[in-house]
Amino acid sequence: MSAETRVRARGEDGAAGPLSRRRTVGRVEIRGLGKRFGDVAALRAFDLDVHGGEFVSLLGPSGCGKSTALNLLAGLLEPDAGQILLDGEDLTPVPPERRGFGVVFQSYALFPHLTVGRNVAFGLEMMGTPPAEAARRVRQALALVHLEETAGRYPAQLSGGQQQRVALARALVIEPRLLLMDEPLSNLDAKLRLEMRLEIRRLHQTLGLTTIYVTHDQEEALSLSDRIGLMKDGMLRQVGTPEEVYLRPQSAFVANFFGYRNLFRVRVDSVRGTRAEVATAGGLRLAGTVRDGVAAGAEAVAAVRPEDVEVRPAGSGPGIPAKVEFAEFIGDAFECSMVADAGDPFVVRTPSRFERGASVILNADPERLLVFPPE
Amino acid sequence: MQPAAGMRPGGDVAPVTRRAGLQWQPLLPLAPAFFVVLALFVYPFIYGLQLSLSPLPALAKGGPLANYAAFFGDPRERLSIWNTLRLAVPVTLLDLCIALPLAYRLRRPLPGQRVITGLLVIPMTLGTVLLAEGMIEFFGPAGWVNKTLLALHLVKFPVQFVHNYTGVFLSLTISDFPAVFLVLLGYASGLDPRLEQAARTLGAGWWQRLRRVILPLLAPGIAAAAALSFVATFSVFPSAVLVGEPAGSTRVIALAAWQAAYEQFDYPRASAIAMVMAAIEMIFVALVLAARNRAYRGPTIGGRG
């Protein structure tokens, strides 16, 4: 069955299946996908398997290739290499208009000359859905995003959050086998972003659509995803559940992205089992847990989170002597910048206030201080 | 073309009369433009209108509308309207049809785009007379076009391209194109590419994207370009004489007015013809703008980027 007939067929049987039907289809296999722009490899050897109904985020700093990956999936860019399979069918040569994916753009891309209702109906009209049936599904989709009453208005008459909901409804109403979202929340203010995040989570749990979600916001990725793919320089660096990438980063890059704000270039003195002794340039000696590829005598990167460094007043036991540079109150704790007497800077999170210039002792839990091979 | 907010009649004007001293100041910068419009457009128009309503003694017993009655009563004069319309409407449509795909293609930076755009805009700088001169050579019986056609054995005798309807049609199409193209280019470059991408992902093929997204969003630009082009071509004069057949198929309405004024020295009659010309142009522009108002008016980008 060709992609076109399949899209048509879905349009018809969609009449029977309510939007809330949980899906078993939508298994995506991405094989060796690559894309160059001139001399720049925007995406290299991108492999990812997403099972039906899964929510996968692609997370990384801007320019890491995550949006390129999404545009390739949508068919809006042509890959130089690789394949995209959906439920076993090769979609690489299929143009976007016959893929039947739902796409939500960062700028929403609502048609400004069409009312909300017509925007949402657009995809159904393209499929040739009968008008009565289309009207019913548009109402259903708008109800899903709590916007029933705006069907007659134009996008410019809606708030940013409402526009985003319309964009979601427009992508969902065609009952896509795969939902692609490109930084859908980055144009919203903080409060609305949180609200829409819950909304997206709720919709995903209701509809069970396979979703690939691009973001640069680690909190968004952690809260929404079944799995997260960390990207840098056009490559996937680590794929795992939010807990895995948060608690067991496999590289200094991933660690840095998930809150390991203290990163030190170190030389490895000794490795015993998973325990390593390392020394910073300033001569500070630290004990940590090693990752693969770290051997005694080698250069490495040591990383620890601010909350995993313990601070006590000077003279209260062994540890790294340091001075407080400044302290910031962040609501539930203080975040303090410290400088070790050896010269290395630390960011530390502590429940108690330390005055500027105070002498303190720092201790990092060796279980939580990770030693990575250099990038 | 909405009036500026502060100039709307009705409620907004009331405070001006109450506190005239203060409220005049914001309008002061408009004064030069106001006087120019008054001196160059409003006064000549009113002058011409009253002149057209004061026929020469020969027609005076026909009342103030005698000049208009004479124009519409004479089949040869009436024909000049048709002669002009059958140039202005097809030229406008053809230029739109050529300019639209080009403007759409060139809306984003392409290699060599500046050169292409430059070449397309050159005819604007030529002027009708230079263009006519060139056309007489190029399209003439011994010109390159006929030489090529003869050499390829496509024709047995030179084809007459100039000194007839075709000549004026070609000349107007060329000289009018840049303005149409530039207006459309401005609108097309404001199209948000994401809108087309969104339409694609929703299953729209190229024809549906064109019809449902691109054309509706470009409608204001198409209307502006059509109005400009029609008014420019409807008042055609030099090329109708130089590369046309001024005694016959290209006796356009401007020529009829000129003959009334400078061959028969009947200024009131010429003014009446000019008024007819203005009325037809206004009707066309009003129709185009009415059509545009039925279409979408607003930004050509989606959402707030």
# chains A, B, ... in the order shown; residues from 1 in each chain; ligands from 1

call {"tool": "closest_atom_pairs", "arguments": {"of": "range 200-260 of chain B", "to": "range 135-145 of chain B", "cutoff": "12 Å", "atoms": "only C-alpha atoms", "output": "tab-separated table"}}
result
residue	atom	partner	partner_atom	distance
B:Ser239	CA	B:Met135	CA	10.3
B:Leu242	CA	B:Ile136	CA	8.7
B:Val243	CA	B:Ile136	CA	6.9
B:Gly244	CA	B:Ile136	CA	10.4

call {"tool": "interface_residues", "arguments": {"of": "chain A", "to": "chain B", "cutoff": "8 Å", "atoms": "only C-alpha atoms", "output": "PyMOL selection string"}}
result
chain A and resi 74+76+96-103+105-113+122-123+126-127+155-156+160+163+171+174+187

call {"tool": "residues_around", "arguments": {"residues": "Gly127 in chain B", "least_positions_apart": "4", "cutoff": "12 Å", "atoms": "only C-alpha atoms", "output": "PDB file with N, CA and C atoms, in the first residue's frame"}}
result
ATOM      1  N   ILE B 122      15.352  46.993 -15.215  1.00  0.00           N
ATOM      2  CA  ILE B 122      15.919  47.952 -16.182  1.00  0.00           C
ATOM      3  C   ILE B 122      14.867  48.658 -17.047  1.00  0.00           C
ATOM      4  N   PRO B 123      13.854  47.966 -17.596  1.00  0.00           N
ATOM      5  CA  PRO B 123      12.914  48.655 -18.492  1.00  0.00           C
ATOM      6  C   PRO B 123      12.331  49.924 -17.887  1.00  0.00           C
ATOM      7  N   LEU B 131      12.450  53.057 -25.589  1.00  0.00           N
ATOM      8  CA  LEU B 131      11.943  51.703 -25.761  1.00  0.00           C
ATOM      9  C   LEU B 131      11.304  51.555 -27.148  1.00  0.00           C
ATOM     10  N   ALA B 132      10.536  52.559 -27.547  1.00  0.00           N
ATOM     11  CA  ALA B 132       9.868  52.500 -28.844  1.00  0.00           C
ATOM     12  C   ALA B 132      10.887  52.462 -29.977  1.00  0.00           C
ATOM     13  N   GLU B 133      11.906  53.304 -29.860  1.00  0.00           N
ATOM     14  CA  GLU B 133      12.975  53.319 -30.862  1.00  0.00           C
ATOM     15  C   GLU B 133      13.607  51.951 -31.012  1.00  0.00           C
ATOM     16  N   GLY B 134      13.955  51.384 -29.850  1.00  0.00           N
ATOM     17  CA  GLY B 134      14.568  50.058 -29.854  1.00  0.00           C
ATOM     18  C   GLY B 134      13.642  49.023 -30.473  1.00  0.00           C
ATOM     19  N   SER B 171       5.168  46.967 -26.072  1.00  0.00           N
ATOM     20  CA  SER B 171       5.823  48.096 -25.423  1.00  0.00           C
ATOM     21  C   SER B 171       5.292  48.298 -24.001  1.00  0.00           C
ATOM     22  N   LEU B 172       3.979  48.241 -23.845  1.00  0.00           N
ATOM     23  CA  LEU B 172       3.391  48.435 -22.516  1.00  0.00           C
ATOM     24  C   LEU B 172       3.747  47.285 -21.584  1.00  0.00           C
ATOM     25  N   ILE B 174       6.392  45.527 -21.578  1.00  0.00           N
ATOM     26  CA  ILE B 174       7.782  45.673 -21.137  1.00  0.00           C
ATOM     27  C   ILE B 174       7.919  46.826 -20.151  1.00  0.00           C
ATOM     28  N   SER B 175       7.363  47.987 -20.485  1.00  0.00           N
ATOM     29  CA  SER B 175       7.620  49.155 -19.641  1.00  0.00           C
ATOM     30  C   SER B 175       6.858  49.077 -18.317  1.00  0.00           C
ATOM     31  N   ASP B 176       5.806  48.302 -18.284  1.00  0.00           N
ATOM     32  CA  ASP B 176       4.980  48.227 -17.097  1.00  0.00           C
ATOM     33  C   ASP B 176       5.428  47.133 -16.137  1.00  0.00           C
ATOM     34  N   PRO B 238       2.404  57.954 -25.540  1.00  0.00           N
ATOM     35  CA  PRO B 238       3.507  57.979 -26.515  1.00  0.00           C
ATOM     36  C   PRO B 238       3.625  56.692 -27.320  1.00  0.00           C
ATOM     37  N   SER B 239       3.566  55.531 -26.634  1.00  0.00           N
ATOM     38  CA  SER B 239       3.799  54.298 -27.380  1.00  0.00           C
ATOM     39  C   SER B 239       2.646  53.993 -28.334  1.00  0.00           C
TER      40      SER B 239
END

call {"tool": "select_by_dssp", "arguments": {"residues": "range 71-285 of chain A", "states": "alpha helix (DSSP H)", "output": "MDAnalysis selection string"}}
result
chainID A and resid 71:74 116:127 131:144 160:172 190:207 218:224 242:247 252:257

call {"tool": "atom_distance", "arguments": {"atom1": "CA of Ser186 in chain A", "atom2": "CA of Thr210 in chain A"}}
result
21.2 Å

call {"tool": "residues_around", "arguments": {"residues": "Val50 in chain A", "least_positions_apart": "2", "cutoff": "12 Å", "atoms": "only C-alpha atoms", "output": "MDAnalysis selection string"}}
result
chainID A and resid 25:31 47:48 52:58 84:88 178:179 209:213 225:229 239:240

call {"tool": "residues_around", "arguments": {"residues": "Glu335 in chain A", "least_positions_apart": "5", "cutoff": "8 Å", "atoms": "only C-alpha atoms", "output": "PyMOL selection string"}}
result
chain A and resi 306+327-330+347-350

call {"tool": "atom_distance", "arguments": {"atom1": "CA of Phe230 in chain B", "atom2": "CA of Leu126 in chain B"}}
result
19.5 Å

call {"tool": "closest_residue", "arguments": {"among": "A:Pro374, A:Pro176, A:Gly60, A:Pro313", "to": "Leu230 in chain A", "atoms": "only C-alpha atoms"}}
result
A:Gly60
